[in-house]
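The data block below is target04.txt; it holds compact mmCIF, C-alpha atoms.
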# COMPACT_ATOMS: atom_id res chain seq x y z
CA MET A 16 -71.05 45.36 81.28
CA ARG A 17 -67.72 43.92 82.40
CA ASP A 18 -64.30 45.60 82.08
CA GLU A 19 -63.15 42.87 79.68
CA GLU A 20 -66.06 43.67 77.36
CA ILE A 21 -65.23 47.38 77.43
CA ASP A 22 -61.61 46.44 76.69
CA GLU A 23 -62.72 44.42 73.72
CA VAL A 24 -64.97 47.20 72.38
CA LEU A 25 -62.14 49.74 72.74
CA LYS A 26 -59.63 47.44 71.04
CA LYS A 27 -62.00 46.79 68.17
CA ALA A 28 -62.70 50.48 67.73
CA ALA A 29 -58.97 51.24 67.85
CA ARG A 30 -58.32 48.71 65.09
CA ALA A 31 -60.48 50.68 62.63
CA PRO A 32 -58.20 51.87 59.80
CA ASP A 33 -56.75 55.33 60.16
CA ASP A 34 -56.94 57.09 56.82
CA LEU A 35 -53.76 59.07 57.33
CA ARG A 36 -52.69 60.13 53.87
CA PRO A 37 -49.22 58.99 52.70
CA GLU A 38 -48.64 62.49 51.21
CA MET A 39 -49.02 63.89 54.69
CA LEU A 40 -46.24 61.63 55.99
CA GLN A 41 -44.10 62.49 52.99
CA ARG A 42 -44.65 66.20 53.69
CA VAL A 43 -43.53 65.73 57.31
CA ALA A 44 -40.43 63.82 56.20
CA ASP A 45 -39.61 66.48 53.58
CA SER A 46 -40.00 69.28 56.13
CA ILE A 47 -37.43 67.80 58.52
CA LYS A 48 -34.95 66.58 55.91
CA PRO A 49 -33.14 69.91 55.22
CA SER A 50 -32.31 70.48 58.89
CA LEU A 51 -31.49 66.87 59.78
CA CYS A 52 -28.06 66.76 61.36
CA PRO A 53 -26.53 64.86 64.29
CA VAL A 54 -27.44 66.25 67.70
CA ARG A 55 -25.85 65.67 71.09
CA PRO A 56 -28.33 64.17 73.59
CA LEU A 57 -28.68 65.76 77.00
CA PRO A 58 -26.27 64.48 79.67
CA PRO A 59 -27.50 62.03 82.35
CA THR A 60 -29.82 63.37 85.05
CA TRP A 61 -27.22 63.11 87.82
CA VAL A 62 -24.74 65.27 85.87
CA MET A 63 -27.31 68.05 85.35
CA THR A 64 -28.58 67.76 88.93
CA GLY A 65 -25.00 67.94 90.21
CA GLY A 66 -24.47 71.06 88.12
CA LEU A 67 -27.58 72.68 89.60
CA VAL A 68 -26.51 71.85 93.19
CA LEU A 69 -23.10 73.32 92.44
CA VAL A 70 -24.69 76.51 91.09
CA CYS A 71 -26.79 76.86 94.24
CA ALA A 72 -23.77 76.21 96.48
CA VAL A 73 -21.71 78.82 94.63
CA VAL A 74 -24.49 81.43 94.88
CA SER A 75 -24.98 80.70 98.61
CA PHE A 76 -21.28 80.90 99.42
CA ALA A 77 -20.74 83.99 97.27
CA GLY A 78 -23.67 85.74 98.98
CA ALA A 79 -22.50 84.78 102.46
CA ALA A 80 -18.89 85.65 101.67
CA ARG A 81 -20.00 89.16 100.73
CA ALA A 82 -22.26 89.61 103.79
CA GLY A 83 -20.27 87.56 106.34
CA PHE A 84 -20.59 84.02 107.74
CA PHE A 85 -22.07 85.22 111.06
CA GLY A 86 -24.82 82.60 111.18
CA PHE A 87 -22.45 79.72 110.49
CA GLU A 88 -20.01 80.95 113.17
CA LYS A 89 -22.80 81.18 115.75
CA MET A 90 -24.16 77.66 115.06
CA ASP A 91 -23.17 74.67 117.17
CA LEU A 92 -22.09 71.37 115.61
CA LEU A 93 -25.57 69.75 115.72
CA GLU A 94 -27.13 72.76 113.97
CA ARG A 95 -24.46 72.66 111.26
CA LEU A 96 -24.81 68.90 110.86
CA LEU A 97 -28.59 69.06 110.48
CA ILE A 98 -29.23 72.27 108.55
CA PHE A 99 -26.65 72.08 105.76
CA PRO A 100 -27.04 68.39 104.83
CA ALA A 101 -30.84 68.91 104.84
CA LEU A 102 -30.39 71.88 102.50
CA VAL A 103 -28.07 69.93 100.20
CA LEU A 104 -30.54 67.01 100.10
CA LEU A 105 -33.51 69.26 99.34
CA THR A 106 -31.48 71.14 96.70
CA TRP A 107 -30.54 67.81 95.09
CA MET A 108 -34.20 66.79 95.04
CA ALA A 109 -35.28 70.15 93.62
CA GLY A 110 -32.50 69.96 91.02
CA SER A 111 -33.60 66.48 90.00
CA GLU A 112 -37.23 67.63 89.71
CA PHE A 113 -36.13 70.61 87.62
CA VAL A 114 -34.18 68.32 85.27
CA HIS A 115 -37.22 66.04 84.92
CA ALA A 116 -39.41 69.07 84.20
CA MET A 117 -37.10 70.00 81.31
CA ILE A 118 -37.14 66.54 79.67
CA PRO A 119 -40.39 65.38 78.02
CA GLY A 120 -41.66 61.99 79.16
CA SER A 121 -39.53 61.90 82.31
CA ARG A 122 -40.56 59.97 85.37
CA ARG A 123 -42.09 62.35 87.94
CA ARG A 124 -41.96 61.16 91.51
CA ILE A 125 -43.81 64.14 92.96
CA SER A 126 -45.73 67.07 91.47
CA PRO A 127 -44.03 70.49 91.66
CA GLY A 128 -46.73 71.83 94.01
CA ALA A 129 -46.35 68.83 96.32
CA PHE A 130 -42.60 69.24 96.25
CA LEU A 131 -42.94 72.88 97.28
CA GLY A 132 -45.10 71.76 100.22
CA PHE A 133 -42.75 68.94 101.14
CA GLY A 134 -39.63 71.14 100.94
CA SER A 135 -41.16 73.88 103.07
CA ALA A 136 -42.45 71.35 105.61
CA ALA A 137 -39.04 69.66 105.84
CA LEU A 138 -37.30 72.99 106.47
CA LEU A 139 -39.90 73.94 109.08
CA ALA A 140 -39.39 70.61 110.85
CA VAL A 141 -35.59 71.02 110.99
CA PHE A 142 -35.81 74.65 112.16
CA ALA A 143 -38.53 73.88 114.75
CA PHE A 144 -36.39 71.06 116.13
CA LEU A 145 -33.23 73.17 116.42
CA PHE A 146 -34.31 76.67 117.40
CA ARG A 147 -35.99 77.09 120.77
CA ASP A 148 -35.65 80.83 121.39
CA TYR A 149 -39.26 82.01 121.24
CA ARG A 150 -38.68 85.77 121.48
CA THR A 151 -39.96 87.91 118.63
CA ASP A 152 -37.82 91.09 118.75
CA HIS A 153 -38.20 93.32 115.66
CA PHE A 154 -40.10 90.49 114.02
CA PHE A 155 -41.20 92.37 110.89
CA SER A 156 -38.36 94.86 110.37
CA VAL A 157 -35.61 92.23 110.62
CA GLY A 158 -37.69 89.53 108.97
CA ILE A 159 -38.41 91.51 105.81
CA VAL A 160 -34.68 92.18 105.36
CA CYS A 161 -33.95 88.42 105.57
CA LEU A 162 -36.78 87.56 103.18
CA LEU A 163 -35.52 90.10 100.65
CA THR A 164 -31.91 88.98 101.04
CA GLY A 165 -32.90 85.34 100.48
CA PHE A 166 -35.13 86.21 97.54
CA LEU A 167 -32.48 88.40 95.87
CA HIS A 168 -30.07 85.48 95.98
CA ALA A 169 -32.73 83.08 94.74
CA ILE A 170 -33.03 85.06 91.49
CA PRO A 171 -29.45 84.52 90.22
CA ALA A 172 -29.52 80.88 91.36
CA ALA A 173 -32.76 80.19 89.45
CA LEU A 174 -31.52 82.08 86.38
CA LEU A 175 -28.19 80.23 86.34
CA GLY A 176 -30.08 76.94 86.77
CA TRP A 177 -32.32 77.85 83.83
CA LEU A 178 -29.23 78.73 81.80
CA LEU A 179 -27.68 75.37 82.64
CA LEU A 180 -30.77 73.51 81.40
CA ARG A 181 -31.45 75.80 78.43
CA ARG A 182 -31.18 72.87 75.99
CA GLY A 183 -34.11 71.14 77.70
CA PHE A 184 -37.75 71.46 76.72
CA ALA A 185 -40.40 72.10 79.35
CA VAL A 186 -43.74 70.56 78.36
CA SER A 187 -45.26 72.54 81.25
CA SER A 188 -43.42 75.82 81.58
CA VAL A 189 -45.32 76.88 84.72
CA SER A 190 -44.31 73.68 86.54
CA ALA A 191 -40.72 74.12 85.41
CA GLY A 192 -40.78 77.78 86.55
CA LEU A 193 -42.15 76.75 89.93
CA VAL A 194 -39.43 74.13 90.47
CA ALA A 195 -36.73 76.55 89.27
CA GLY A 196 -38.04 79.07 91.81
CA VAL A 197 -37.98 76.50 94.61
CA LEU A 198 -34.41 75.57 93.67
CA GLY A 199 -33.37 79.23 93.74
CA GLY A 200 -35.25 79.68 97.01
CA LEU A 201 -33.22 76.90 98.60
CA ALA A 202 -30.03 78.70 97.55
CA GLY A 203 -31.49 81.83 99.18
CA VAL A 204 -32.15 79.88 102.42
CA GLY A 205 -28.53 78.69 102.22
CA VAL A 206 -27.31 82.31 102.18
CA LEU A 207 -29.49 83.15 105.18
CA GLU A 208 -28.34 80.14 107.19
CA LEU A 209 -24.70 81.02 106.54
CA HIS A 210 -25.16 84.72 107.18
CA CYS A 211 -28.08 85.46 109.57
CA PRO A 212 -27.13 85.30 113.29
CA ASN A 213 -30.76 85.76 114.42
CA PHE A 214 -31.72 82.37 115.89
CA GLU A 215 -35.17 83.30 117.20
CA ALA A 216 -37.49 80.41 116.30
CA ALA A 217 -40.29 82.61 114.90
CA HIS A 218 -37.84 84.58 112.74
CA VAL A 219 -36.21 81.50 111.21
CA LEU A 220 -39.46 79.55 110.84
CA VAL A 221 -41.36 82.36 109.15
CA TRP A 222 -38.91 84.55 107.26
CA HIS A 223 -36.20 82.08 106.29
CA THR A 224 -38.62 79.36 105.20
CA ALA A 225 -40.83 81.87 103.35
CA VAL A 226 -38.06 82.42 100.79
CA VAL A 227 -38.85 79.01 99.23
CA PRO A 228 -42.61 79.48 98.54
CA LEU A 229 -42.04 83.11 97.54
CA SER A 230 -39.38 82.17 94.98
CA GLY A 231 -41.49 79.25 93.75
CA ALA A 232 -44.52 81.48 93.23
CA VAL A 233 -42.46 84.14 91.43
CA GLY A 234 -40.84 81.44 89.26
CA ALA A 235 -44.25 80.08 88.24
CA LEU A 236 -45.57 83.60 87.58
CA VAL A 237 -42.57 84.53 85.42
CA ALA A 238 -42.91 81.29 83.41
CA TRP A 239 -46.64 81.89 82.93
CA THR A 240 -46.05 85.50 81.80
CA LEU A 241 -43.35 84.41 79.36
CA ARG A 242 -45.62 81.71 77.96
CA CYS A 243 -48.47 84.19 77.45
CA ARG A 244 -46.15 86.70 75.79
CA HIS A 245 -44.71 84.01 73.55
CA ARG A 246 -48.20 82.91 72.50
CA ILE A 247 -49.35 86.47 71.80
CA ARG A 248 -46.23 87.08 69.70
CA LYS A 249 -46.85 83.85 67.80
CA GLN A 250 -50.47 84.86 67.19
CA GLU A 251 -49.40 88.30 65.94
CA LEU A 252 -46.90 86.70 63.57
CA GLY A 253 -49.60 84.28 62.42
CA ASP A 254 -52.09 87.10 61.80
CA MET B 11 -29.09 43.98 63.30
CA HIS B 12 -32.69 43.32 64.26
CA LEU B 13 -33.87 46.11 61.97
CA THR B 14 -31.97 44.67 59.02
CA ALA B 15 -33.34 41.21 59.70
CA SER B 16 -36.88 42.49 59.98
CA SER B 17 -36.71 44.53 56.78
CA ASP B 18 -35.21 41.53 54.92
CA LEU B 19 -37.92 39.30 56.22
CA ARG B 20 -40.58 41.72 55.04
CA LYS B 21 -38.92 41.88 51.61
CA HIS B 22 -38.75 38.13 51.17
CA THR B 23 -42.17 37.22 52.45
CA GLY B 24 -43.83 39.81 50.19
CA ALA B 25 -46.63 40.21 52.72
CA ASP B 26 -49.56 42.44 51.90
CA ASN B 27 -50.21 45.74 53.65
CA ASP B 28 -52.24 44.30 56.51
CA CYS B 29 -49.59 41.72 57.29
CA LYS B 30 -46.92 44.40 57.17
CA LYS B 31 -48.89 46.51 59.60
CA ALA B 32 -49.35 43.56 61.93
CA PHE B 33 -45.64 42.84 61.66
CA GLU B 34 -44.79 46.43 62.55
CA LEU B 35 -47.02 46.21 65.60
CA MET B 36 -45.36 42.96 66.68
CA ARG B 37 -41.87 44.43 66.60
CA PRO B 38 -40.62 45.09 70.13
CA ASP B 39 -40.99 48.65 71.26
CA SER B 40 -37.28 48.86 71.91
CA ASN B 41 -36.86 49.40 68.16
CA LEU B 42 -38.43 52.80 68.58
CA GLU B 43 -35.61 53.63 70.96
CA THR B 44 -32.99 52.41 68.47
CA LEU B 45 -34.62 54.41 65.68
CA MET B 46 -34.71 57.47 67.92
CA THR B 47 -30.99 57.15 68.65
CA ARG B 48 -30.26 56.86 64.94
CA TYR B 49 -32.52 59.85 64.26
CA GLN B 50 -30.44 61.84 66.75
CA GLN B 51 -27.35 60.79 64.78
CA GLY B 52 -28.86 62.33 61.65
CA ASP B 53 -30.11 59.13 59.93
CA PHE B 54 -32.91 60.12 57.56
CA GLY B 55 -34.02 56.49 57.10
CA ALA B 56 -34.59 56.19 60.84
CA ALA B 57 -36.50 59.48 60.81
CA THR B 58 -38.86 58.29 58.05
CA ASP B 59 -39.32 54.92 59.80
CA LEU B 60 -40.27 56.76 62.98
CA ILE B 61 -42.67 59.02 61.10
CA GLU B 62 -44.36 55.97 59.55
CA ARG B 63 -44.63 54.10 62.82
CA ILE B 64 -45.59 56.87 65.23
CA SER B 65 -47.76 59.13 63.06
CA PRO B 66 -50.86 56.89 62.87
CA GLN B 67 -50.96 56.63 66.67
CA LEU B 68 -50.43 60.33 67.15
CA HIS B 69 -53.03 61.11 64.50
CA ARG B 70 -55.50 58.91 66.35
CA PHE B 71 -54.62 60.70 69.57
CA PHE B 72 -55.35 64.09 67.98
CA LEU B 73 -58.52 62.87 66.29
CA ALA B 74 -59.96 61.85 69.64
CA HIS B 75 -59.50 65.40 70.90
CA SER B 76 -60.22 67.61 67.89
CA GLN B 77 -63.32 68.14 65.84
CA SER B 78 -61.90 67.82 62.39
CA ARG B 79 -59.42 65.76 60.45
CA THR B 80 -57.77 68.97 59.23
CA ASP B 81 -57.10 69.96 62.83
CA ALA B 82 -55.59 66.55 63.53
CA ASP B 83 -53.41 66.80 60.39
CA ASP B 84 -52.19 70.25 61.43
CA LEU B 85 -51.45 69.09 64.95
CA LEU B 86 -49.56 66.07 63.67
CA GLN B 87 -47.39 68.25 61.45
CA GLU B 88 -46.80 70.74 64.26
CA THR B 89 -45.86 67.86 66.58
CA TRP B 90 -43.26 66.53 64.17
CA LEU B 91 -41.72 69.97 63.79
CA ARG B 92 -41.51 70.21 67.58
CA ILE B 93 -40.13 66.68 67.88
CA HIS B 94 -37.48 67.53 65.32
CA LYS B 95 -36.54 70.73 67.13
CA VAL B 96 -36.15 69.08 70.53
CA ARG B 97 -34.94 65.63 69.45
CA HIS B 98 -31.78 66.09 71.53
CA THR B 99 -33.91 65.95 74.71
CA TYR B 100 -34.60 62.25 74.14
CA ARG B 101 -32.08 60.22 76.11
CA PRO B 102 -30.95 56.85 74.75
CA GLY B 103 -32.19 54.00 76.91
CA GLU B 104 -35.34 55.79 78.02
CA PRO B 105 -38.72 54.60 76.65
CA ALA B 106 -39.57 56.56 73.48
CA PRO B 107 -43.43 56.47 73.47
CA PRO B 108 -43.83 58.67 76.60
CA TRP B 109 -41.39 61.16 75.07
CA PHE B 110 -43.43 61.38 71.82
CA TYR B 111 -46.74 61.60 73.64
CA ALA B 112 -45.51 64.22 76.11
CA ILE B 113 -44.62 66.47 73.16
CA ALA B 114 -47.86 65.66 71.32
CA ARG B 115 -49.80 66.49 74.45
CA HIS B 116 -47.96 69.80 74.78
CA VAL B 117 -48.83 70.70 71.17
CA ARG B 118 -52.46 69.74 71.72
CA VAL B 119 -52.77 71.78 74.93
CA ASP B 120 -51.15 74.75 73.17
CA HIS B 121 -53.64 74.44 70.34
CA TYR B 122 -56.53 74.10 72.77
CA ARG B 123 -55.49 77.26 74.65
CA LYS B 124 -55.19 79.13 71.37
CA GLN B 125 -58.70 78.04 70.45
CA VAL B 126 -60.09 79.14 73.79
CA ARG B 127 -58.55 82.58 73.29
CA THR B 128 -60.46 83.32 70.14
CA ALA B 129 -64.18 83.82 69.87
CA ALA B 130 -64.33 81.32 67.06
CA GLY B 131 -62.60 78.85 69.29
CA GLU B 132 -65.21 79.38 71.96
CA ARG B 133 -67.97 78.58 69.50
CA GLN B 134 -66.14 75.45 68.41
CA LEU B 135 -65.76 74.35 72.00
CA GLU B 136 -69.49 74.68 72.52
CA ALA B 137 -70.01 72.46 69.53
CA MET B 138 -67.45 70.07 70.90
CA SER B 139 -69.16 69.84 74.27
CA ARG B 140 -72.48 69.22 72.49
CA GLU B 141 -70.75 66.41 70.60
CA ALA B 142 -69.37 65.08 73.85
CA VAL B 143 -72.81 64.49 75.35
CA ALA B 144 -74.14 62.96 72.17
CA ASP B 145 -75.13 59.33 72.12
CA PRO B 146 -72.05 57.29 71.20
CA GLY B 147 -74.23 54.59 69.74
CA GLU B 148 -75.34 57.00 67.02
CA SER B 149 -71.96 57.08 65.32
CA ASP B 150 -70.98 54.51 62.76
CA SER B 151 -68.27 52.02 63.51
CA THR B 152 -65.55 53.71 61.46
CA ASP B 153 -65.18 56.53 63.99
CA GLY B 154 -66.23 54.21 66.80
CA LEU B 155 -63.32 55.02 69.09
CA GLU B 156 -63.90 58.78 68.97
CA ALA B 157 -67.61 58.24 69.61
CA LEU B 158 -66.91 55.81 72.42
CA LEU B 159 -64.57 58.20 74.19
CA ALA B 160 -66.76 61.27 73.66
CA PRO B 161 -68.49 61.14 77.09
CA LEU B 162 -65.13 61.12 78.89
CA SER B 163 -63.30 64.18 80.12
CA GLU B 164 -60.18 65.36 78.24
CA SER B 165 -57.77 63.82 80.74
CA GLN B 166 -59.64 60.50 80.92
CA ARG B 167 -59.82 60.33 77.14
CA GLU B 168 -56.09 60.88 76.68
CA VAL B 169 -55.23 58.24 79.27
CA ILE B 170 -57.53 55.66 77.63
CA GLU B 171 -56.12 56.61 74.20
CA MET B 172 -52.56 56.01 75.36
CA LEU B 173 -53.35 52.77 77.17
CA LYS B 174 -55.70 51.14 74.68
CA VAL B 175 -54.70 52.58 71.31
CA ALA B 176 -51.00 53.19 71.72
CA GLY B 177 -50.65 50.15 73.97
CA MET B 178 -48.53 51.99 76.52
CA SER B 179 -48.05 50.74 80.08
CA LEU B 180 -49.37 52.61 83.13
CA GLU B 181 -45.82 53.74 83.91
CA GLU B 182 -45.37 55.10 80.37
CA VAL B 183 -48.72 56.92 80.48
CA ALA B 184 -47.69 58.45 83.80
CA ARG B 185 -44.46 59.68 82.22
CA ALA B 186 -46.26 61.09 79.18
CA THR B 187 -48.79 62.96 81.29
CA SER B 188 -46.29 64.11 83.95
CA SER B 189 -48.31 62.43 86.66
CA SER B 190 -48.05 59.47 89.01
CA VAL B 191 -49.06 55.88 88.23
CA GLY B 192 -51.68 56.13 91.00
CA SER B 193 -53.28 59.13 89.35
CA VAL B 194 -53.37 57.34 85.96
CA LYS B 195 -54.99 54.30 87.58
CA GLN B 196 -57.61 56.53 89.16
CA LYS B 197 -58.41 58.18 85.82
CA VAL B 198 -58.71 54.79 84.11
CA HIS B 199 -61.00 53.55 86.86
CA ARG B 200 -63.25 56.60 86.54
CA ALA B 201 -63.21 56.40 82.75
CA TYR B 202 -64.27 52.75 82.81
CA LYS B 203 -67.03 53.54 85.27
CA LYS B 204 -68.35 56.26 82.97
CA LEU B 205 -68.01 54.04 79.89
CA ARG B 206 -69.86 51.24 81.63
CA GLU B 207 -72.71 53.60 82.55
CA THR B 208 -72.90 55.10 79.06
CA MET B 209 -72.79 51.75 77.33
CA SER B 210 -75.47 50.32 79.62
CA THR B 211 -77.82 53.29 79.21
CA THR B 212 -77.42 53.49 75.44
CA GLY B 213 -77.70 49.74 74.94
CA PHE B 214 -74.22 49.68 73.41
CA ARG B 215 -73.49 46.11 72.36
CA LYS B 216 -71.43 43.96 70.04
CA GLY B 217 -72.54 41.78 67.20
CA GLN B 218 -71.62 38.11 66.88
CA SER B 219 -68.45 38.89 64.97
CA GLY B 220 -67.54 41.52 67.52
CA GLU B 221 -68.52 44.61 65.51
CA ILE B 222 -69.98 47.56 67.40
CA LEU B 223 -73.73 47.86 66.89

Any chance you could put this one into structure tokens?
Amino acid sequence: MRDEEIDEVLKKAARAPDDLRPEMLQRVADSIKPSLCPVRPLPPTWVMTGGLVLVCAVVSFAGAARAGFFGFEKMDLLERLLIFPALVLLTWMAGSEFVHAMIPGSRRRISPGAFLGFGSAALLAVFAFLFRDYRTDHFFSVGIVCLLTGFLHAIPAALLGWLLLRRGFAVSSVSAGLVAGVLGGLAGVGVLELHCPNFEAAHVLVWHTAVVPLSGAVGALVAWTLRCRHRIRKQELGD
Amino acid sequence: MHLTASSDLRKHTGADNDCKKAFELMRPDSNLETLMTRYQQGDFGAATDLIERISPQLHRFFLAHSQSRTDADDLLQETWLRIHKVRHTYRPGEPAPPWFYAIARHVRVDHYRKQVRTAAGERQLEAMSREAVADPGESDSTDGLEALLAPLSESQREVIEMLKVAGMSLEEVARATSSSVGSVKQKVHRAYKKLRETMSTTGFRKGQSGEIL
């Protein structure tokens, strides 16, 4: 059987009359009529993405201002010119993905999981290219502090981002949570790059980069938990 | 302007229901976008026009995935409530069908998860999977589409539904399903392969006038 024949069979089957009752349509129209009022559409994607990048920048600078810009002061020009533009670019991409996740029927260039992989790989590539000190002094004790610092700054960044896009509607809340986490994680990495003066390659590659997947995973987990709780509450109300 | 002209034309020609339906289908899809913008501005006429135009497609979409007409009716109503609640998330200029289908899909997945949670739902799913392996040739032609798509997986079925019933483009289906065009193409390819196998093994064929035998 050829594809054209299958096409024809499908088209013919699709043409069969749908016995959707007119009362049903009337009921739908009646149910929306009382609350029908003008609504303001969401702003363009670039405006919301710009807002998210700004939120991340503010969180990163506020965090570094409180802890000190020791990392930034220690960096040479090449390191500054590669790390911060790369972070801004990745944050813009994450922000754009987050906006798309909050608008139904948006064009998705990359899945949230793939973006997490791509973002982490891009950071690893930049760090591996720039940092060549292969010592591993106090690898765990210092590393855990950096991971926690980055993660603690990722939380407010992700929450503020969520607040900014609160008028959106996520058709997949777990995906949206994951991207929000990645976005927050990038703000956390920003704090670490501005603040942390430890330029050992292993430290930066492992502990600084790990903030992004950790935040992404926590974001997805929180979204999943909220969705389950919401469904249970709805079921209880229904019962 | 176009809407006024089209409604006048319909009035003056006095076409019967079938002709009206055909006329509706011929109208460019961009009208959906115009209606959606007017709906956002609080125009009840635009809202009812949208309900009339989109509901049959959405109902078909739900019928292909649920066991009963009652389920499909409930899902349709739930979808419209959701659409109404989040109508501000539609952005003028963007294609409207992927927006509608993305919400419909969300409602359907929500409903499916709810079903899975309950024991009754589990029993229904068993019945559904039994239906899915049933011979599509056994069904009569009135529910031909549902029978035809029964051997396909959920994701393949929804992609075929959107492409062949709703007449959406690959790009629009990709938007509605939050996936890439490549992934949609792959699903369509696999779905056609499965349909070809099923139709060949069950001796699925068409009569001279094109009806499904």

In Å and to one decimal, CA of Ser210 in chain B is distant from CA of Glu19 in chain A by 14.4 Å

What does the distance between CA of Ala173 in chain A and CA of Leu201 in chain A come to in Å, to one decimal place?
9.7 Å

Determine, for each residue of chain A having at least one atom at most 7 Å from an atom of chain B, the closest pair of atoms and their separation in Å to one decimal, counting only C-alpha atoms; order by chain and ascending number, as a Markdown table.
| residue | atom | partner | partner_atom | distance |
| --- | --- | --- | --- | --- |
| A:Met16 | CA | B:Arg206 | CA | 6.0 |
| A:Leu25 | CA | B:Leu155 | CA | 6.5 |
| A:Lys26 | CA | B:Lys174 | CA | 6.5 |
| A:Ala28 | CA | B:Leu155 | CA | 4.8 |
| A:Ala29 | CA | B:Val175 | CA | 5.7 |
| A:Ala31 | CA | B:Thr152 | CA | 6.0 |
| A:Asp33 | CA | B:Pro66 | CA | 6.7 |
| A:Leu35 | CA | B:Pro66 | CA | 6.6 |
| A:Leu40 | CA | B:Ile61 | CA | 6.8 |
| A:Val43 | CA | B:Gln87 | CA | 6.2 |
| A:Ala44 | CA | B:Thr58 | CA | 6.0 |
| A:Ile47 | CA | B:His94 | CA | 6.8 |
| A:Lys48 | CA | B:Phe54 | CA | 7.0 |
| A:Leu51 | CA | B:Gly52 | CA | 5.6 |
| A:Cys52 | CA | B:Gly52 | CA | 4.5 |
| A:Pro53 | CA | B:Gln51 | CA | 4.2 |
| A:Val54 | CA | B:Gln50 | CA | 5.4 |
| A:Arg55 | CA | B:His98 | CA | 6.0 |
| A:Pro56 | CA | B:His98 | CA | 4.5 |
| A:Leu57 | CA | B:Thr99 | CA | 5.7 |
| A:Ile118 | CA | B:Thr99 | CA | 5.9 |
| A:Pro119 | CA | B:Trp109 | CA | 5.2 |
| A:Gly120 | CA | B:Trp109 | CA | 4.2 |
| A:Ser121 | CA | B:Arg185 | CA | 5.4 |
| A:Arg122 | CA | B:Arg185 | CA | 5.0 |
| A:Arg123 | CA | B:Ser188 | CA | 6.1 |
| A:Arg124 | CA | B:Ser190 | CA | 6.8 |
| A:Gly183 | CA | B:Thr99 | CA | 6.0 |
| A:Phe184 | CA | B:Val96 | CA | 6.8 |
| A:Val186 | CA | B:His116 | CA | 5.6 |

Taking the point (-34.9, 87.4, 96.5) as given in the file, collect each protein or nucleic acid residue that comes within 9 Å of it, counting only C-alpha atoms, and present the set as number ranges by chain.
A: 162-171, 199-200, 203, 226, 229-230

Given all atoms listed in the file as the counted atoms, nearest of A:Arg42, A:Gly234, A:Phe87, A:Gln250 to Ser190 in chain A:
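Using all atoms listed in the file, Ser190 in chain A sits closest to A:Gly234.
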
Just to confirm, what's the straight-line distance from CA of Leu198 in chain A to CA of Ala172 in chain A in Å (one decimal)?
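Separation between CA of Leu198 in chain A and CA of Ala172 in chain A: 7.6 Å.
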
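Residues in contact with Leu97 in chain A at 12 Å, where all atoms listed in the file are counted and same-chain residues fewer than 5 positions away are skipped, are listed as Met90, Asp91, Leu92, Leu102, Val103, Leu104, Ala137, Leu138, Ala140, Val141, Phe142, Ala143, Phe144, Leu145, Phe146 and Glu208 of chain A.
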